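J.: Structure file query08.cif, mmCIF, C-alpha atoms, is pasted below:
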```cif
data_structure
#
loop_
_atom_site.label_atom_id
_atom_site.label_comp_id
_atom_site.auth_asym_id
_atom_site.auth_seq_id
_atom_site.Cartn_x
_atom_site.Cartn_y
_atom_site.Cartn_z
CA MET A 1427 -73.41 227.94 97.24
CA SER A 1428 -74.86 231.16 95.93
CA GLU A 1429 -77.97 231.43 93.82
CA TYR A 1430 -79.24 234.32 91.77
CA ALA A 1431 -82.90 234.03 90.78
CA ARG A 1432 -84.82 236.15 88.33
CA GLU A 1433 -87.98 234.94 86.58
CA PRO A 1434 -89.34 237.49 84.10
CA ALA A 1435 -93.06 237.93 83.67
CA GLY A 1436 -94.57 235.59 81.12
CA ARG A 1437 -91.76 233.00 81.29
CA GLY A 1438 -93.22 229.66 82.25
CA GLY A 1439 -93.74 226.22 80.84
CA ARG A 1440 -93.41 222.79 82.38
CA THR A 1441 -89.85 222.12 81.24
CA THR A 1442 -86.78 223.78 82.69
CA VAL A 1443 -83.75 224.04 80.40
CA ALA A 1444 -80.70 223.25 82.55
CA ILE A 1445 -77.20 224.19 81.38
CA ILE A 1446 -73.82 223.42 82.94
CA THR A 1447 -70.93 225.64 81.91
CA ARG A 1448 -67.35 226.50 82.78
CA ASN A 1449 -65.28 229.32 81.27
CA ARG A 1450 -67.20 229.41 77.98
CA ARG A 1451 -69.04 232.69 78.40
CA GLU A 1452 -69.42 233.65 74.74
CA SER A 1453 -70.68 230.23 73.71
CA LEU A 1454 -73.09 230.23 76.65
CA LEU A 1455 -74.45 233.66 75.72
CA ARG A 1456 -75.16 232.48 72.17
CA THR A 1457 -77.07 229.51 73.59
CA LEU A 1458 -79.03 231.78 75.94
CA ASP A 1459 -79.92 234.01 72.97
CA ARG A 1460 -81.41 231.02 71.17
CA LEU A 1461 -83.31 229.87 74.25
CA ALA A 1462 -84.70 233.37 74.78
CA ALA A 1463 -86.13 233.24 71.24
CA LEU A 1464 -88.05 229.98 71.78
CA PRO A 1465 -91.83 230.39 71.59
CA GLU A 1466 -92.18 228.11 74.64
CA LYS A 1467 -90.33 230.67 76.83
CA PRO A 1468 -89.00 227.95 79.15
CA PRO A 1469 -87.44 228.73 82.50
CA VAL A 1470 -83.66 228.45 82.25
CA LEU A 1471 -81.25 227.37 84.97
CA VAL A 1472 -77.47 227.75 84.58
CA VAL A 1473 -74.98 225.94 86.80
CA ASP A 1474 -71.63 227.76 86.69
CA ASN A 1475 -68.94 225.18 87.42
CA GLY A 1476 -66.40 227.61 88.82
CA SER A 1477 -65.91 229.93 85.86
CA THR A 1478 -63.34 232.74 86.07
CA ASP A 1479 -64.26 234.54 82.83
CA GLY A 1480 -67.19 236.64 84.06
CA THR A 1481 -69.83 234.03 83.24
CA ASP A 1482 -71.83 234.74 86.38
CA GLU A 1483 -72.27 238.44 85.70
CA ALA A 1484 -73.05 237.79 82.02
CA VAL A 1485 -75.83 235.38 82.99
CA ARG A 1486 -77.27 237.89 85.43
CA ARG A 1487 -77.45 240.53 82.70
CA HIS A 1488 -78.92 238.29 79.99
CA PRO A 1489 -82.61 238.95 79.19
CA VAL A 1490 -83.52 235.24 79.26
CA GLY A 1491 -83.74 235.67 83.05
CA ALA A 1492 -81.94 232.47 83.99
CA ARG A 1493 -81.55 231.29 87.54
CA LEU A 1494 -77.84 231.03 88.28
CA LEU A 1495 -76.45 228.36 90.60
CA SER A 1496 -72.83 228.82 91.66
CA PRO A 1497 -71.49 225.81 93.59
CA GLY A 1498 -68.07 227.50 93.75
CA ARG A 1499 -66.19 224.60 92.16
CA ASN A 1500 -66.23 222.40 89.08
CA THR A 1501 -68.93 219.80 89.75
CA GLY A 1502 -68.73 218.22 86.28
CA ALA A 1503 -71.88 216.38 85.24
CA LEU A 1504 -73.11 216.53 88.84
CA GLY A 1505 -74.11 220.09 88.05
CA ARG A 1506 -77.03 218.54 86.18
CA ASN A 1507 -78.09 216.80 89.38
CA LEU A 1508 -78.00 220.14 91.17
CA ALA A 1509 -80.10 221.72 88.43
CA ALA A 1510 -82.70 218.95 88.60
CA GLN A 1511 -82.89 219.26 92.38
CA ARG A 1512 -83.52 223.00 92.16
CA ALA A 1513 -85.92 222.89 89.19
CA THR A 1514 -89.60 223.37 89.98
CA THR A 1515 -91.00 221.92 86.75
CA PRO A 1516 -91.92 218.25 86.15
CA TYR A 1517 -89.51 217.95 83.20
CA VAL A 1518 -85.91 219.06 82.69
CA ALA A 1519 -84.23 219.50 79.31
CA PHE A 1520 -80.45 219.34 79.52
CA SER A 1521 -78.26 221.51 77.34
CA ASP A 1522 -74.60 222.40 77.38
CA ASP A 1523 -73.28 225.87 76.67
CA ASP A 1524 -72.99 224.88 73.00
CA SER A 1525 -76.38 223.21 72.47
CA TRP A 1526 -79.98 224.37 72.25
CA TRP A 1527 -83.50 223.16 71.43
CA GLU A 1528 -85.46 223.42 68.20
CA PRO A 1529 -88.58 225.62 68.50
CA GLY A 1530 -91.47 223.38 69.55
CA ALA A 1531 -89.21 220.57 70.81
CA LEU A 1532 -90.00 221.10 74.47
CA LYS A 1533 -93.75 221.04 73.81
CA THR A 1534 -93.24 217.78 71.92
CA ALA A 1535 -91.38 216.32 74.88
CA GLU A 1536 -94.06 217.43 77.34
CA ALA A 1537 -96.79 215.78 75.26
CA LEU A 1538 -94.83 212.52 75.15
CA PHE A 1539 -94.19 212.51 78.90
CA ASP A 1540 -97.87 213.24 79.52
CA THR A 1541 -98.94 210.37 77.27
CA TYR A 1542 -96.46 207.77 78.55
CA PRO A 1543 -96.28 207.70 82.37
CA LYS A 1544 -93.35 205.23 82.42
CA LEU A 1545 -91.22 207.38 80.13
CA GLY A 1546 -88.15 208.57 82.03
CA LEU A 1547 -85.78 210.00 79.41
CA LEU A 1548 -86.05 211.18 75.81
CA ALA A 1549 -82.90 211.18 73.70
CA SER A 1550 -83.33 213.67 70.87
CA ARG A 1551 -82.29 213.67 67.25
CA THR A 1552 -79.25 215.97 67.22
CA VAL A 1553 -78.27 218.29 64.39
CA VAL A 1554 -74.67 219.54 64.23
CA HIS A 1555 -74.28 223.29 63.88
CA PRO A 1556 -73.42 225.03 61.57
CA SER A 1557 -73.29 222.29 58.93
CA GLY A 1558 -76.81 221.01 59.60
CA GLU A 1559 -75.55 217.43 59.36
CA PRO A 1560 -77.07 214.81 61.65
CA ASP A 1561 -74.93 213.72 64.57
CA PRO A 1562 -73.61 210.19 63.85
CA LEU A 1563 -75.09 209.02 67.14
CA ASN A 1564 -78.60 209.46 65.68
CA ARG A 1565 -78.10 206.52 63.35
CA VAL A 1566 -76.64 204.37 66.11
CA LEU A 1567 -79.52 205.05 68.47
CA ALA A 1568 -82.15 204.56 65.76
CA ALA A 1569 -80.68 201.11 65.01
CA SER A 1570 -80.94 199.90 68.62
CA PRO A 1571 -82.01 196.23 68.63
CA LEU A 1572 -83.81 196.53 71.98
CA PRO A 1573 -87.46 195.44 71.69
CA GLY A 1574 -90.06 198.19 71.58
CA ARG A 1575 -92.76 198.61 74.19
CA ALA A 1576 -96.40 199.56 73.73
CA ASP A 1577 -96.20 201.85 76.75
CA LEU A 1578 -93.27 203.86 75.34
CA PRO A 1579 -92.71 205.96 72.22
CA GLY A 1580 -89.61 205.84 70.04
CA THR A 1581 -86.81 203.28 70.17
CA PRO A 1582 -85.58 201.89 73.51
CA VAL A 1583 -81.87 202.61 74.03
CA LEU A 1584 -79.21 202.43 76.73
CA GLY A 1585 -77.30 205.55 75.79
CA PHE A 1586 -77.84 209.17 74.80
CA LEU A 1587 -76.12 212.51 74.32
CA GLY A 1588 -76.08 214.34 77.62
CA CYS A 1589 -76.52 217.80 76.10
CA ALA A 1590 -79.58 216.77 74.09
CA ALA A 1591 -81.89 214.86 76.41
CA VAL A 1592 -85.07 215.60 78.35
CA VAL A 1593 -85.94 213.81 81.58
CA ARG A 1594 -88.92 213.36 83.81
CA ARG A 1595 -87.56 215.09 86.89
CA SER A 1596 -88.98 212.54 89.35
CA ALA A 1597 -87.48 209.63 87.37
CA PHE A 1598 -84.08 211.30 87.14
CA LEU A 1599 -83.98 211.92 90.88
CA ASP A 1600 -85.39 208.46 91.63
CA ALA A 1601 -82.50 206.88 89.69
CA GLY A 1602 -79.95 209.04 91.54
CA GLY A 1603 -79.01 211.25 88.59
CA TYR A 1604 -75.43 211.19 87.32
CA HIS A 1605 -73.09 209.09 89.44
CA ARG A 1606 -70.70 211.06 91.62
CA LEU A 1607 -67.74 208.75 90.94
CA LEU A 1608 -67.68 209.46 87.20
CA PHE A 1609 -67.59 213.28 87.32
CA PHE A 1610 -67.61 213.79 83.54
CA GLY A 1611 -67.12 211.80 80.32
CA ALA A 1612 -69.37 208.95 79.09
CA GLU A 1613 -71.44 209.42 82.22
CA GLU A 1614 -74.71 208.95 80.30
CA THR A 1615 -74.47 205.17 79.99
CA LEU A 1616 -74.62 204.51 83.73
CA LEU A 1617 -77.63 206.81 84.10
CA ALA A 1618 -79.40 204.96 81.27
CA TYR A 1619 -78.70 201.66 83.05
CA ASP A 1620 -80.02 202.98 86.36
CA LEU A 1621 -83.17 204.49 84.86
CA THR A 1622 -83.91 201.23 83.06
CA ALA A 1623 -83.27 199.15 86.18
CA ALA A 1624 -85.67 201.41 88.11
CA GLY A 1625 -88.41 200.67 85.58
CA TRP A 1626 -88.24 203.91 83.58
CA GLY A 1627 -88.22 203.99 79.80
CA VAL A 1628 -85.19 205.44 78.00
CA VAL A 1629 -85.92 206.04 74.31
CA TYR A 1630 -84.59 207.72 71.19
CA GLU A 1631 -87.31 209.93 69.72
CA PRO A 1632 -86.41 211.53 66.33
CA SER A 1633 -89.34 213.97 66.42
CA LEU A 1634 -87.52 215.74 69.25
CA VAL A 1635 -84.71 217.90 67.83
CA ALA A 1636 -81.72 219.56 69.47
CA HIS A 1637 -78.84 221.50 67.92
CA HIS A 1638 -75.21 221.08 68.94
CA GLY A 1639 -72.44 223.46 67.95
CA PRO A 1640 -69.27 222.01 69.51
CA ASP A 1641 -65.88 223.62 69.05
CA PRO A 1642 -63.74 221.76 66.49
CA GLY A 1643 -61.33 219.24 67.90
CA GLU A 1644 -61.46 217.19 71.07
CA ARG A 1645 -61.56 218.78 74.49
CA PRO A 1646 -58.41 218.09 76.53
CA GLY A 1647 -58.71 215.06 78.76
CA ARG A 1648 -61.93 213.75 77.25
CA THR A 1649 -60.44 210.54 75.83
CA VAL A 1650 -59.00 209.67 79.22
CA ALA A 1651 -62.28 210.42 80.99
CA VAL A 1652 -64.32 208.30 78.56
CA LEU A 1653 -62.01 205.29 78.89
CA ARG A 1654 -61.84 205.65 82.67
CA ASN A 1655 -65.59 205.97 83.13
CA SER A 1656 -66.41 203.11 80.80
CA LEU A 1657 -64.30 200.85 83.01
CA LEU A 1658 -65.73 202.29 86.24
CA THR A 1659 -69.25 201.75 84.90
CA ALA A 1660 -68.43 198.07 84.49
CA TRP A 1661 -67.18 197.82 88.07
CA LEU A 1662 -70.18 199.71 89.42
CA ARG A 1663 -72.94 197.79 87.59
CA ARG A 1664 -71.78 194.87 85.44
CA PRO A 1665 -70.94 191.29 86.49
CA LEU A 1666 -67.42 190.79 87.86
CA SER A 1667 -66.47 188.76 84.80
CA VAL A 1668 -67.27 191.77 82.59
CA ALA A 1669 -65.43 194.20 84.86
CA LEU A 1670 -62.33 191.98 84.85
CA ARG A 1671 -62.55 191.56 81.07
CA ASP A 1672 -62.76 195.32 80.53
CA THR A 1673 -59.88 195.92 82.93
CA SER A 1674 -57.75 193.44 80.98
CA ARG A 1675 -58.67 195.15 77.72
CA LEU A 1676 -57.68 198.59 78.99
CA LEU A 1677 -54.47 197.16 80.40
CA GLY A 1678 -53.70 195.70 76.98
CA ALA A 1679 -54.50 199.02 75.28
CA SER A 1680 -52.13 200.76 77.68
CA ALA A 1681 -49.37 198.25 76.94
CA ARG A 1682 -49.84 198.86 73.21
CA GLY A 1683 -49.51 202.60 73.71
CA ARG A 1684 -53.08 203.61 72.92
CA PRO A 1685 -53.35 207.36 73.63
CA GLY A 1686 -54.88 208.02 77.02
CA ALA A 1687 -55.20 204.36 78.01
CA GLY A 1688 -52.46 204.39 80.64
CA ARG A 1689 -53.77 207.51 82.35
CA ALA A 1690 -57.33 206.20 82.19
CA LEU A 1691 -56.30 202.90 83.75
CA GLY A 1692 -54.43 204.67 86.53
CA GLN A 1693 -57.36 206.96 87.29
CA ALA A 1694 -59.81 204.05 87.27
CA LEU A 1695 -57.67 201.96 89.61
CA ALA A 1696 -57.37 204.91 92.00
CA ARG A 1697 -61.19 205.02 92.14
CA LEU A 1698 -61.66 201.26 92.28
CA PRO A 1699 -62.02 201.00 96.09
CA ALA A 1700 -64.84 203.55 95.96
CA ALA A 1701 -66.41 201.74 93.00
CA LEU A 1702 -66.42 198.48 94.96
CA ARG A 1703 -68.05 200.18 97.94
CA LEU A 1704 -70.71 201.68 95.69
CA ARG A 1705 -71.12 198.61 93.49
CA ARG A 1706 -74.75 197.66 92.78
CA PRO A 1707 -75.05 195.02 90.04
CA LEU A 1708 -77.89 195.45 87.58
CA PRO A 1709 -80.83 193.06 87.42
CA ARG A 1710 -80.24 190.15 85.08
CA TRP A 1711 -82.83 191.38 82.59
CA VAL A 1712 -81.01 194.70 82.19
CA GLU A 1713 -77.66 192.92 81.81
CA ASN A 1714 -79.25 190.79 79.09
CA ARG A 1715 -80.23 193.96 77.21
CA ILE A 1716 -76.70 195.30 77.48
CA ARG A 1717 -75.34 192.07 76.05
CA LEU A 1718 -77.81 192.24 73.20
CA LEU A 1719 -76.39 195.67 72.36
CA GLU A 1720 -72.81 194.46 72.68
CA ASN A 1721 -73.50 191.58 70.31
CA THR A 1722 -75.04 193.83 67.68
CA PRO A 1723 -72.76 194.76 64.72
CA PRO A 1724 -71.29 198.29 64.93
CA ASP A 1725 -73.57 199.58 62.17
CA GLY A 1726 -76.71 198.60 64.07
CA GLY A 1727 -76.54 199.12 67.83
CA ASP A 1728 -76.47 201.50 70.77
CA ARG A 1729 -73.53 203.36 72.16
#
```
Transcribe the structure of this file into C-alpha cells.

T.:
Amino acid sequence: MSEYAREPAGRGGRTTVAIITRNRRESLLRTLDRLAALPEKPPVLVVDNGSTDGTDEAVRRHPVGARLLSPGRNTGALGRNLAAQRATTPYVAFSDDDSWWEPGALKTAEALFDTYPKLGLLASRTVVHPSGEPDPLNRVLAASPLPGRADLPGTPVLGFLGCAAVVRRSAFLDAGGYHRLLFFGAEETLLAYDLTAAGWGVVYEPSLVAHHGPDPGERPGRTVAVLRNSLLTAWLRRPLSVALRDTSRLLGASARGRPGAGRALGQALARLPAALRLRRPLPRWVENRIRLLENTPPDGGDR
C-alpha cells in the first residue's frame, strides 16, 4: 500500500473526515472543495479503492491537503476500516465522494462525544442535494421504538447511512469496524449490531447534518449486494431460526423472479461456509431490540 501525506499548516481538529472512492474523480473533487471550506478545517483522509481515472493525482493536487491511502485494489467498505486505523484523531466522520458535512456539524459531534462517554456512533440528519429534501431514512430513524437512555443523546437506532455518520474511533475499532465478509451494501446494520453488543451507543441525532448528492438511479449491483448482505448478516449474528427464515424468504423471492434475488442467493450461499466459521450470535438483549424493530409498523421503525 502506498500513502501520500500532506497536512497544511492550520488544519487540525479532533475529527478526521474519511472518504472512500473509486473512479468518481469529479464528484470527489466537489466534495473536497466543500470540506476545504468548512470553518473547522478538519483533517481529511481519502482511501482510493483502485481508481483508474486519475483520482490519486487529483487528490494530491487538491488544496484540502488530504492524506491519500492507496490499497491498490477495491476494498469496498473495508476502506473505512483502513481510514479509521490510520486516523490520529479520536473521532472519524465518514463521507463518500458524494457527501459532505454542514458547517459546524463536526464541532457538534465532538461536543456530544465529549459529553457522553458511552456514545459510539452518531447517525446524522441527511439532506439530499440539490433538492434540499430530507432523506427518507431520517423519518425512519427518528421513529425508532428503541428506549432512550439517560447516558446517550438522540434516539437509539440499529441502522444508519454509512456516508453520513461519525464514530468514536476507539469504539469503531473495538467493534471490529465493517465486516470483511460483506464488502459493500447494507453493511451498516451489522456494525450497528456489533457496536451495541459491545456496549456502545448508536443514536440518530438530528442536530448533526450531512449533505448527500447521489447520482440519479441505482448503482449497478447494489440491489444484489443489499439482499446478499442482509442474509449474511442473519447468518453471522442472528439465531439460526432467523437465518433459516431469511434464507427461505430469499429463495422464495428468487423463485418468483424478484430482480437480483437469484444472484444474491447464489452469492450468499457461496459465502455461507465463511459466515458459519465467523458466526458470533448477538446477546439476547440485542436480539430482543432487533425484534422490537422488526415488529414495528413500516412507518415507525428502524432500517

J.: From the set A:Pro1489, A:Gly1627, A:Gly1546, A:Pro1573, which residue has the shortest atom-to-atom contact distance to A:Ala1462, counting all atoms listed in the file?

T.: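 Result for the nearest residue to A:Ala1462: A:Pro1489.
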
J.: Which is closest to A:Leu1719 among A:Thr1581, A:Ser1674, A:Thr1615, A:Ser1570, if we use only C-alpha atoms?

T.: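 Looking at the shortest contact to A:Leu1719, the residue is A:Ser1570.
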
J.: With distances taken over only C-alpha atoms, which of A:His1637, A:Arg1575, A:Arg1456, A:Arg1448 is nearest to A:Phe1520?

T.: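 Between A:His1637, A:Arg1575, A:Arg1456, A:Arg1448, the residue approaching A:Phe1520 most closely is A:His1637.
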
J.: With only C-alpha atoms as the basis for distance, which of A:Glu1713, A:Glu1452, A:Glu1631, A:Glu1483 is at the shortest distance from A:Gly1580?

T.: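 Once distances to A:Gly1580 are computed over only C-alpha atoms, the minimum belongs to A:Glu1631.
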
J.: To one decimal place in Å, what is the distance between atom CA of A:Val1712 and atom CA of A:Val1593?

T.: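 So the answer is 19.7 Å.
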
J.: List, as a list in words, every residue that the PyMOL selection byres ((chain A and resi 1621) around 9) selects in the file provided.

T.: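 Answer for the PyMOL selection byres ((chain A and resi 1621) around 9): Gly1546, Leu1547, Ala1597, Phe1598, Asp1600, Ala1601, Gly1602, Gly1603, Leu1616, Leu1617, Ala1618, Tyr1619, Asp1620, Thr1622, Ala1623, Ala1624, Gly1625, Trp1626, Gly1627 and Val1628 of chain A.
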
J.: Of the candidates A:Arg1551, A:Arg1595, A:Arg1487, A:Lys1544, which one gets nearest to A:Gln1511 if we count only C-alpha atoms?

T.: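 Looking at the shortest contact to A:Gln1511, the residue is A:Arg1595.
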
J.: Which residue, A:Ala1591, A:Leu1704, A:Ala1687, A:Leu1471, has the smallest gap to A:Arg1493 when you use all atoms listed in the file?

T.: A:Leu1471

J.: Translate the PyMOL selection byres ((chain A and resi 1485) around 10) into a concrete residue list for this structure, as a ChimeraX atom specification.

T.: /A:1430,1451,1454-1455,1458,1471-1472,1474,1480-1484,1486-1494

J.: For the structure provided, state which residues fall under the PyMOL selection byres ((chain A and resi 1691-1697) around 8), and present them as a PyMOL selection string.

T.: chain A and resi 1607+1653-1655+1657-1658+1673+1676-1677+1680+1687-1690+1698-1701

J.: For A:Gly1502, list every protein, DNA or RNA residue within 9 Å, evaluated using all atoms listed in the file, and leave out those in the same chain fewer than 5 positions away; present the list as a list of chain:residue names.

T.: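 Answer for this query is A:Ile1446, A:Thr1447, A:Asn1475, A:Leu1608, A:Phe1609, A:Phe1610, A:Gly1611.
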
J.: How far is it from atom CA of A:Leu1495 to atom CA of A:Val1473, in Å with one decimal?

T.: 4.7 Å
